file work_17.txt (compact mmCIF, C-alpha atoms)
# COMPACT_ATOMS: atom_id res chain seq x y z
CA ALA A 214 56.38 21.74 36.63
CA ARG A 215 55.64 19.89 33.42
CA ALA A 216 53.34 21.58 30.95
CA ALA A 217 50.06 19.78 30.47
CA THR A 218 49.88 17.93 27.21
CA PRO A 219 46.84 19.08 25.24
CA GLU A 220 44.34 16.34 24.58
CA LYS A 221 44.00 15.17 21.01
CA PRO A 222 40.56 15.94 19.63
CA ALA A 223 38.44 12.84 19.23
CA GLU A 224 38.48 11.54 15.68
CA ARG A 225 35.10 11.60 13.98
CA THR A 226 33.95 8.35 12.50
CA PRO A 227 33.34 8.95 8.82
CA ALA A 228 29.86 8.21 7.54
CA PRO A 229 29.76 4.86 5.75
CA GLN A 230 30.04 5.20 2.00
CA ARG A 231 27.24 3.77 -0.09
CA VAL A 232 28.58 1.09 -2.42
CA GLU A 233 25.69 1.10 -4.90
CA PRO A 234 23.66 4.18 -3.97
CA CYS A 235 20.03 4.06 -5.03
CA ASN A 236 16.52 5.14 -4.16
CA VAL A 237 13.90 2.56 -3.15
CA VAL A 238 10.10 2.63 -3.10
CA LEU A 239 8.42 0.04 -0.88
CA THR A 240 5.04 -1.59 -1.38
CA THR A 241 3.17 -3.08 1.56
CA THR A 242 3.43 -6.73 2.52
CA ASN A 243 0.96 -8.94 0.67
CA CYS A 244 1.05 -6.29 -2.04
CA ASP A 245 -2.17 -5.43 -3.90
CA PHE A 246 -2.55 -3.59 -7.22
CA ASP A 247 -2.87 -0.14 -5.64
CA SER A 248 0.35 -0.60 -3.68
CA LEU A 249 2.34 -1.95 -6.67
CA ALA A 250 0.95 0.67 -9.06
CA ALA A 251 1.62 3.55 -6.68
CA ALA A 252 5.17 2.31 -6.05
CA CYS A 253 5.98 2.01 -9.76
CA ALA A 254 4.40 5.42 -10.42
CA LEU A 255 6.53 7.04 -7.71
CA ALA A 256 9.65 5.37 -9.13
CA SER A 257 8.79 6.83 -12.54
CA LEU A 258 8.17 10.26 -11.02
CA TRP A 259 11.52 10.23 -9.21
CA SER A 260 13.36 9.15 -12.35
CA HIS A 261 12.23 12.44 -13.96
CA ASP A 262 12.74 14.63 -10.88
CA PRO A 263 16.12 16.43 -10.69
CA ASP A 264 16.15 15.94 -6.91
CA PHE A 265 16.11 12.14 -7.30
CA ALA A 266 17.05 11.30 -10.89
CA ALA A 267 20.81 11.12 -10.27
CA LEU A 268 20.29 7.68 -8.72
CA PRO A 269 18.27 4.69 -9.97
CA THR A 270 14.98 4.04 -8.17
CA HIS A 271 13.96 0.46 -7.47
CA VAL A 272 10.57 -0.91 -6.34
CA VAL A 273 10.75 -3.58 -3.63
CA LEU A 274 7.95 -5.87 -2.43
CA PRO A 275 8.86 -6.65 1.23
CA ARG A 276 6.92 -9.90 1.41
CA GLY A 277 4.51 -11.43 -1.05
CA ALA A 278 1.70 -10.18 -3.26
CA LEU A 279 -1.89 -11.13 -3.97
CA PRO A 280 -2.17 -13.99 -6.48
CA VAL A 281 -3.56 -11.75 -9.25
CA VAL A 282 -0.67 -9.31 -8.73
CA GLN A 283 1.83 -12.18 -8.90
CA ARG A 284 0.26 -13.24 -12.18
CA PHE A 285 0.57 -9.71 -13.59
CA LEU A 286 4.24 -9.56 -12.54
CA ALA A 287 4.92 -12.91 -14.23
CA TYR A 288 4.08 -11.22 -17.54
CA HIS A 289 5.38 -7.69 -16.94
CA LYS A 290 8.07 -7.65 -14.23
CA HIS A 291 10.84 -7.36 -16.83
CA VAL A 292 9.60 -3.89 -17.90
CA LEU A 293 9.00 -2.59 -14.37
CA PRO A 294 11.65 -1.32 -11.89
CA VAL A 295 11.04 -4.20 -9.48
CA ARG A 296 13.99 -5.64 -7.52
CA GLY A 297 14.18 -8.43 -4.96
CA PHE A 298 14.53 -7.51 -1.29
CA LYS A 299 17.79 -9.42 -0.90
CA THR A 300 19.42 -7.60 -3.83
CA ILE A 301 19.32 -4.26 -1.94
CA ASP A 302 21.72 -3.23 0.83
CA GLY A 303 19.84 -0.97 3.21
CA GLY A 304 22.99 1.11 3.68
CA ASP A 305 22.91 2.04 -0.02
CA ILE A 306 19.47 3.71 0.13
CA GLU A 307 19.45 7.49 -0.27
CA ALA A 308 15.71 8.22 -0.59
CA LEU A 309 13.11 5.73 0.67
CA GLY A 310 9.51 5.96 -0.49
CA VAL A 311 6.57 4.18 1.15
CA VAL A 312 3.18 3.96 -0.55
CA ASP A 313 -0.28 2.87 0.60
CA ALA A 314 0.83 2.65 4.24
CA SER A 315 1.02 5.04 7.17
CA SER A 316 2.43 2.53 9.67
CA ALA A 317 5.75 0.68 9.66
CA ALA A 318 3.83 -2.42 10.77
CA ARG A 319 2.77 -2.91 7.13
CA LEU A 320 6.35 -3.02 5.81
CA GLY A 321 7.46 -6.39 7.17
CA ARG A 322 11.21 -6.96 7.15
CA SER A 323 11.89 -3.79 5.14
CA LYS A 324 11.06 -1.80 8.28
CA GLN A 325 14.76 -2.07 9.13
CA TRP A 326 15.55 0.31 6.24
CA LEU A 327 13.67 3.24 7.77
CA GLY A 328 16.61 4.28 9.94
CA LEU A 329 19.19 3.82 7.19
CA ALA A 330 17.81 5.92 4.35
CA GLY A 331 18.83 9.53 3.85
CA SER A 332 15.19 10.65 3.55
CA LEU A 333 11.73 9.12 3.95
CA HIS A 334 8.73 9.98 1.74
CA VAL A 335 5.23 8.64 2.53
CA TYR A 336 2.24 8.62 0.16
CA ASP A 337 -1.10 7.24 1.32
CA HIS A 338 -4.86 7.75 1.15
CA HIS A 339 -5.57 6.24 4.58
CA GLU A 340 -5.51 8.41 7.70
CA GLY A 341 -3.12 6.79 10.17
CA GLU A 342 -3.81 6.30 13.85
CA ARG A 343 -2.36 9.16 15.91
CA ASP A 344 -1.34 6.91 18.80
CA ASP A 345 0.41 4.38 16.56
CA ALA A 346 4.03 4.10 17.72
CA ASP A 347 4.91 2.79 14.25
CA ALA A 348 3.42 5.81 12.44
CA LEU A 349 5.69 6.66 9.52
CA GLY A 350 4.79 10.34 9.65
CA LEU A 351 6.70 10.75 12.92
CA HIS A 352 10.04 10.48 11.13
CA ALA A 353 9.25 11.22 7.48
CA THR A 354 10.83 13.97 5.40
CA GLU A 355 7.66 14.23 3.32
CA VAL A 356 4.12 13.01 4.03
CA VAL A 357 1.32 13.15 1.45
CA VAL A 358 -2.05 11.87 2.70
CA GLU A 359 -5.10 13.04 0.77
CA PRO A 360 -8.76 11.88 0.72
CA VAL A 361 -8.92 10.05 -2.60
CA GLY A 362 -9.96 6.50 -3.38
CA SER A 363 -6.52 5.23 -4.36
CA THR A 364 -2.90 6.05 -3.53
CA THR A 365 -2.10 5.53 -7.21
CA THR A 366 -4.31 8.53 -8.02
CA LEU A 367 -2.11 10.83 -5.89
CA ILE A 368 1.02 9.95 -7.83
CA VAL A 369 -0.58 9.74 -11.27
CA GLU A 370 -1.72 13.33 -10.74
CA ARG A 371 1.88 14.32 -10.10
CA LEU A 372 3.10 12.43 -13.17
CA ARG A 373 0.54 14.26 -15.27
CA HIS A 374 1.51 17.65 -13.80
CA ALA A 375 5.17 16.90 -14.56
CA ASN A 376 4.32 15.90 -18.15
CA VAL A 377 5.64 12.37 -17.58
CA ARG A 378 3.79 10.06 -19.96
CA PRO A 379 3.49 6.41 -18.91
CA THR A 380 4.28 3.49 -21.16
CA PRO A 381 1.26 1.32 -22.09
CA THR A 382 2.29 -1.24 -19.45
CA GLU A 383 2.63 1.44 -16.78
CA ALA A 384 -0.69 3.02 -17.73
CA THR A 385 -2.37 -0.39 -17.53
CA LEU A 386 -0.88 -1.08 -14.08
CA TYR A 387 -1.95 2.34 -12.79
CA VAL A 388 -5.51 1.74 -14.02
CA LEU A 389 -5.57 -1.61 -12.22
CA GLY A 390 -4.35 0.12 -9.06
CA ILE A 391 -7.07 2.77 -9.14
CA ARG A 392 -9.78 0.24 -10.03
CA ALA A 393 -8.72 -2.09 -7.20
CA ASP A 394 -9.10 0.45 -4.40
CA THR A 395 -12.17 2.20 -5.80
CA GLY A 396 -14.06 -0.95 -6.85
CA GLY A 397 -14.04 0.26 -10.44
CA LEU A 398 -15.10 3.74 -9.22
CA THR A 399 -18.11 2.34 -7.29
CA TYR A 400 -16.96 2.68 -3.65
CA GLU A 401 -18.15 5.69 -1.70
CA THR A 402 -14.53 6.69 -1.01
CA THR A 403 -14.09 7.26 -4.78
CA THR A 404 -13.59 10.88 -5.86
CA ALA A 405 -13.69 12.79 -9.13
CA ARG A 406 -9.89 12.87 -8.97
CA ASP A 407 -9.79 9.07 -9.25
CA ALA A 408 -12.06 9.17 -12.31
CA GLU A 409 -10.00 11.92 -13.95
CA ALA A 410 -6.75 10.02 -13.38
CA LEU A 411 -8.33 6.87 -14.80
CA ALA A 412 -9.57 8.70 -17.91
CA TRP A 413 -6.12 10.20 -18.54
CA LEU A 414 -4.47 6.77 -18.27
CA LEU A 415 -6.91 5.31 -20.79
CA ARG A 416 -6.04 8.11 -23.19
CA GLU A 417 -2.36 7.33 -22.62
CA GLY A 418 -2.75 3.79 -23.94
CA ALA A 419 -3.75 1.52 -21.05
CA SER A 420 -4.60 -1.93 -22.42
CA GLN A 421 -8.32 -2.70 -22.19
CA ALA A 422 -7.57 -6.39 -22.78
CA ALA A 423 -5.14 -6.54 -19.86
CA ILE A 424 -7.53 -4.58 -17.63
CA ALA A 425 -10.26 -7.09 -18.45
CA GLU A 426 -7.90 -10.00 -17.69
CA PHE A 427 -6.45 -8.78 -14.40
CA GLY A 428 -9.19 -6.47 -13.16
CA VAL A 429 -12.00 -9.00 -12.91
CA GLU A 430 -14.41 -8.11 -10.12
CA ARG A 431 -13.82 -10.33 -7.09
CA ILE A 432 -17.20 -9.85 -5.41
CA SER A 433 -20.85 -9.87 -6.48
CA GLY A 434 -23.30 -6.99 -6.50
CA ASP A 435 -24.85 -8.01 -3.14
CA GLN A 436 -21.40 -8.38 -1.62
CA ARG A 437 -20.40 -4.97 -3.00
CA ARG A 438 -23.40 -3.34 -1.30
CA VAL A 439 -22.36 -4.85 2.02
CA LEU A 440 -18.81 -3.64 1.43
CA SER A 441 -19.99 -0.13 0.63
CA SER A 442 -22.03 -0.04 3.84
CA ALA A 443 -19.10 -1.38 5.87
CA LEU A 444 -16.70 1.23 4.48
CA ARG A 445 -18.92 4.00 5.88
CA THR A 446 -18.86 2.73 9.46
CA VAL A 447 -15.65 0.75 9.95
CA ASP A 448 -13.67 1.78 13.03
CA THR A 449 -9.92 1.24 13.35
CA GLN A 450 -7.99 1.31 16.62
CA SER A 451 -4.30 0.68 17.31
CA TYR A 452 -3.30 -1.79 20.01
CA ARG A 453 0.38 -2.52 20.63
CA GLY A 454 1.24 -1.42 17.12
CA ILE A 455 -1.46 -3.57 15.46
CA ALA A 456 -4.29 -1.84 13.57
CA ILE A 457 -7.55 -3.58 14.50
CA ALA A 458 -10.70 -2.71 12.54
CA THR A 459 -14.25 -3.61 13.56
CA VAL A 460 -17.54 -3.04 11.77
CA ALA A 461 -21.19 -4.08 12.08
CA VAL A 462 -23.63 -4.14 9.15
CA ARG A 463 -27.22 -5.22 8.62
CA THR A 464 -28.76 -6.77 5.49
CA PRO A 465 -32.42 -7.68 4.81
CA ARG A 466 -31.47 -11.22 3.86
CA TYR A 467 -28.50 -13.58 4.05
CA VAL A 468 -25.68 -12.69 1.64
CA PRO A 469 -23.39 -15.62 0.75
CA GLY A 470 -19.65 -15.15 0.53
CA LEU A 471 -19.21 -12.57 3.29
CA ALA A 472 -15.67 -13.83 3.86
CA ALA A 473 -14.71 -12.30 0.50
CA VAL A 474 -16.20 -8.99 1.64
CA VAL A 475 -14.07 -9.07 4.80
CA GLU A 476 -10.93 -9.85 2.80
CA GLU A 477 -11.65 -6.94 0.44
CA LEU A 478 -12.35 -4.64 3.40
CA LEU A 479 -9.10 -5.70 5.05
CA GLU A 480 -7.19 -4.52 1.98
CA LEU A 481 -9.08 -1.24 1.68
CA THR A 482 -8.75 -0.20 5.33
CA ALA A 483 -5.02 -0.92 5.70
CA ALA A 484 -5.88 -2.72 8.95
CA ASP A 485 -3.87 -5.68 10.23
CA VAL A 486 -6.92 -7.41 11.71
CA LEU A 487 -10.58 -6.98 10.76
CA ILE A 488 -13.69 -8.39 12.42
CA MET A 489 -17.13 -7.87 10.84
CA GLY A 490 -20.51 -8.72 12.26
CA CYS A 491 -23.42 -8.98 9.81
CA GLU A 492 -27.00 -9.21 11.02
CA HIS A 493 -29.49 -10.64 8.50
CA GLY A 494 -32.81 -12.44 8.25
CA ASN A 495 -31.29 -15.78 9.27
CA GLY A 496 -29.28 -14.55 12.26
CA LEU A 497 -25.83 -13.08 12.81
CA ASP A 498 -22.50 -13.90 11.15
CA LEU A 499 -19.16 -12.91 12.71
CA ILE A 500 -16.13 -13.12 10.43
CA GLY A 501 -12.52 -12.27 11.14
CA ARG A 502 -9.43 -12.01 8.98
CA ALA A 503 -5.83 -11.03 9.72
CA ARG A 504 -2.80 -10.24 7.60
CA PRO A 505 0.17 -12.62 7.73
CA GLY A 506 2.16 -9.92 9.54
CA ALA A 507 -0.23 -9.97 12.53
CA ALA A 508 1.41 -13.09 13.89
CA THR A 509 0.56 -12.29 17.53
CA VAL A 510 -3.18 -12.32 16.85
CA ASP A 511 -4.95 -15.67 17.29
CA LEU A 512 -8.31 -15.29 15.58
CA ARG A 513 -9.25 -18.84 16.45
CA ALA A 514 -9.14 -17.93 20.12
CA VAL A 515 -11.14 -14.73 19.49
CA MET A 516 -13.82 -16.48 17.47
CA GLY A 517 -13.83 -19.44 19.84
CA ALA A 518 -15.24 -17.15 22.53
CA PHE A 519 -18.33 -16.79 20.31
CA GLY A 520 -18.61 -20.47 19.50
CA GLY A 521 -16.86 -20.32 16.13
CA GLY A 522 -13.42 -20.39 14.49
CA GLY A 523 -11.28 -18.01 12.52
CA HIS A 524 -8.24 -17.90 10.33
CA ALA A 525 -5.78 -15.42 8.85

call {"tool": "encode", "arguments": {"input": "work_17.txt", "output": "structure tokens"}}
result
Amino acid sequence: ARAATPEKPAERTPAPQRVEPCNVVLTTTNCDFDSLAAACALASLWSHDPDFAALPTHVVLPRGALPVVQRFLAYHKHVLPVRGFKTIDGGDIEALGVVDASSAARLGRSKQWLGLAGSLHVYDHHEGERDDADALGLHATEVVVEPVGSTTTLIVERLRHANVRPTPTEATLYVLGIRADTGGLTYETTTARDAEALAWLLREGASQAAIAEFGVERISGDQRRVLSSALRTVDTQSYRGIAIATVAVRTPRYVPGLAAVVEELLELTAADVLIMGCEHGNGLDLIGRARPGAATVDLRAVMGAFGGGGHA
């Protein structure tokens, strides 16, 4: 009888080598100041952290930014660690940071990098929906979600603890980030931690002139009161991976420009779609807004059921 020939052990496929290994921090799509500031702050923190500093850390905006943020970048992008999406190979990413988002739905096309990075680190100040299939916390190596007014505050506190001093441009950007999501420290979600971080950044050389130029208030006092009331009662639910927020408010008289309030609220809640009803002396207004990423939501059809129209 012939002796059985032992089977050759299966050859293991070697892990693909990273050509230009790096770390990446992602902002959200349609990036606002809090998202950009938090991302740049985390990149700075990692560049001084022995666990990350061996590789360069780049900040990537997956898709677009608010006009005022685009204007800031036109002046200052050359001194910030911002790289274009197409210049990064997802296979080269070692550590991936995500700021100001708890759901992959807010990352646009960069969502494809989540399964490629060696580790995932999430920083946010919004509580995510537990039944959200896109929840980043399900697969993250590190999740930091704390009840402050701005994600930037969370990371500025860590910079301060690590004795990492920002440049004047960085300090200015971080101030703009904190101001944007706290309404200049006026929103009810604002905490003493936000104020302390802001004061430290001013001492570190943040430019008052630049803050005045880029941090102009976008809504009036009456609009801000409606926004403050809405922030207390807004309800967010997840449906098929889309975060839908609804809120009802009442004012003693008609307040013009409620669309701007809804747009501001959409940014602050991290929702994909937001519908607000406002009852006032002249009747009832119903206003809806959606992010560009919520392509499956037709607000015109929703508002049409109430005799009106809507747009993203």

call {"tool": "residues_near_point", "arguments": {"input": "work_17.txt", "point": "(3.7, 11.7, -15.5)", "cutoff": "12 Å", "atoms": "all atoms listed in the file", "output": "PDB file with C-alpha atoms, in the coordinates of the input"}}
result
ATOM      1  CA  CYS A 253       5.980   2.010  -9.760  1.00  0.00           C
ATOM      2  CA  ALA A 254       4.400   5.420 -10.420  1.00  0.00           C
ATOM      3  CA  LEU A 255       6.530   7.040  -7.710  1.00  0.00           C
ATOM      4  CA  ALA A 256       9.650   5.370  -9.130  1.00  0.00           C
ATOM      5  CA  SER A 257       8.790   6.830 -12.540  1.00  0.00           C
ATOM      6  CA  LEU A 258       8.170  10.260 -11.020  1.00  0.00           C
ATOM      7  CA  TRP A 259      11.520  10.230  -9.210  1.00  0.00           C
ATOM      8  CA  SER A 260      13.360   9.150 -12.350  1.00  0.00           C
ATOM      9  CA  HIS A 261      12.230  12.440 -13.960  1.00  0.00           C
ATOM     10  CA  ASP A 262      12.740  14.630 -10.880  1.00  0.00           C
ATOM     11  CA  THR A 365      -2.100   5.530  -7.210  1.00  0.00           C
ATOM     12  CA  THR A 366      -4.310   8.530  -8.020  1.00  0.00           C
ATOM     13  CA  LEU A 367      -2.110  10.830  -5.890  1.00  0.00           C
ATOM     14  CA  ILE A 368       1.020   9.950  -7.830  1.00  0.00           C
ATOM     15  CA  VAL A 369      -0.580   9.740 -11.270  1.00  0.00           C
ATOM     16  CA  GLU A 370      -1.720  13.330 -10.740  1.00  0.00           C
ATOM     17  CA  ARG A 371       1.880  14.320 -10.100  1.00  0.00           C
ATOM     18  CA  LEU A 372       3.100  12.430 -13.170  1.00  0.00           C
ATOM     19  CA  ARG A 373       0.540  14.260 -15.270  1.00  0.00           C
ATOM     20  CA  HIS A 374       1.510  17.650 -13.800  1.00  0.00           C
ATOM     21  CA  ALA A 375       5.170  16.900 -14.560  1.00  0.00           C
ATOM     22  CA  ASN A 376       4.320  15.900 -18.150  1.00  0.00           C
ATOM     23  CA  VAL A 377       5.640  12.370 -17.580  1.00  0.00           C
ATOM     24  CA  ARG A 378       3.790  10.060 -19.960  1.00  0.00           C
ATOM     25  CA  PRO A 379       3.490   6.410 -18.910  1.00  0.00           C
ATOM     26  CA  THR A 380       4.280   3.490 -21.160  1.00  0.00           C
ATOM     27  CA  GLU A 383       2.630   1.440 -16.780  1.00  0.00           C
ATOM     28  CA  ALA A 384      -0.690   3.020 -17.730  1.00  0.00           C
ATOM     29  CA  TYR A 387      -1.950   2.340 -12.790  1.00  0.00           C
ATOM     30  CA  ALA A 410      -6.750  10.020 -13.380  1.00  0.00           C
ATOM     31  CA  TRP A 413      -6.120  10.200 -18.540  1.00  0.00           C
ATOM     32  CA  LEU A 414      -4.470   6.770 -18.270  1.00  0.00           C
ATOM     33  CA  GLU A 417      -2.360   7.330 -22.620  1.00  0.00           C
TER      34      GLU A 417
END

call {"tool": "closest_residue", "arguments": {"input": "work_17.txt", "among": "A:Arg445, A:Arg319, A:Arg453, A:Arg463", "to": "Arg504 (chain A)", "atoms": "all atoms listed in the file"}}
result
A:Arg319

call {"tool": "atom_distance", "arguments": {"input": "work_17.txt", "atom1": "CA of Asp305 (chain A)", "atom2": "CA of Val238 (chain A)"}}
result
13.2 Å

call {"tool": "closest_residue", "arguments": {"input": "work_17.txt", "among": "A:Ala252, A:Ala287, A:Leu487, A:Val311", "to": "Ala461 (chain A)", "atoms": "all atoms listed in the file"}}
result
A:Leu487

call {"tool": "atom_distance", "arguments": {"input": "work_17.txt", "atom1": "CA of Leu349 (chain A)", "atom2": "CA of Ala278 (chain A)"}}
result
21.5 Å

call {"tool": "axis_aligned_box", "arguments": {"input": "work_17.txt", "around": "region 375-391 of chain A", "padding_each_side": "4 Å", "output": "JSON"}}
result
{"center_x": -0.7, "center_y": 7.6, "center_z": -15.6, "size_x": 20.7, "size_y": 26.5, "size_z": 21.0}
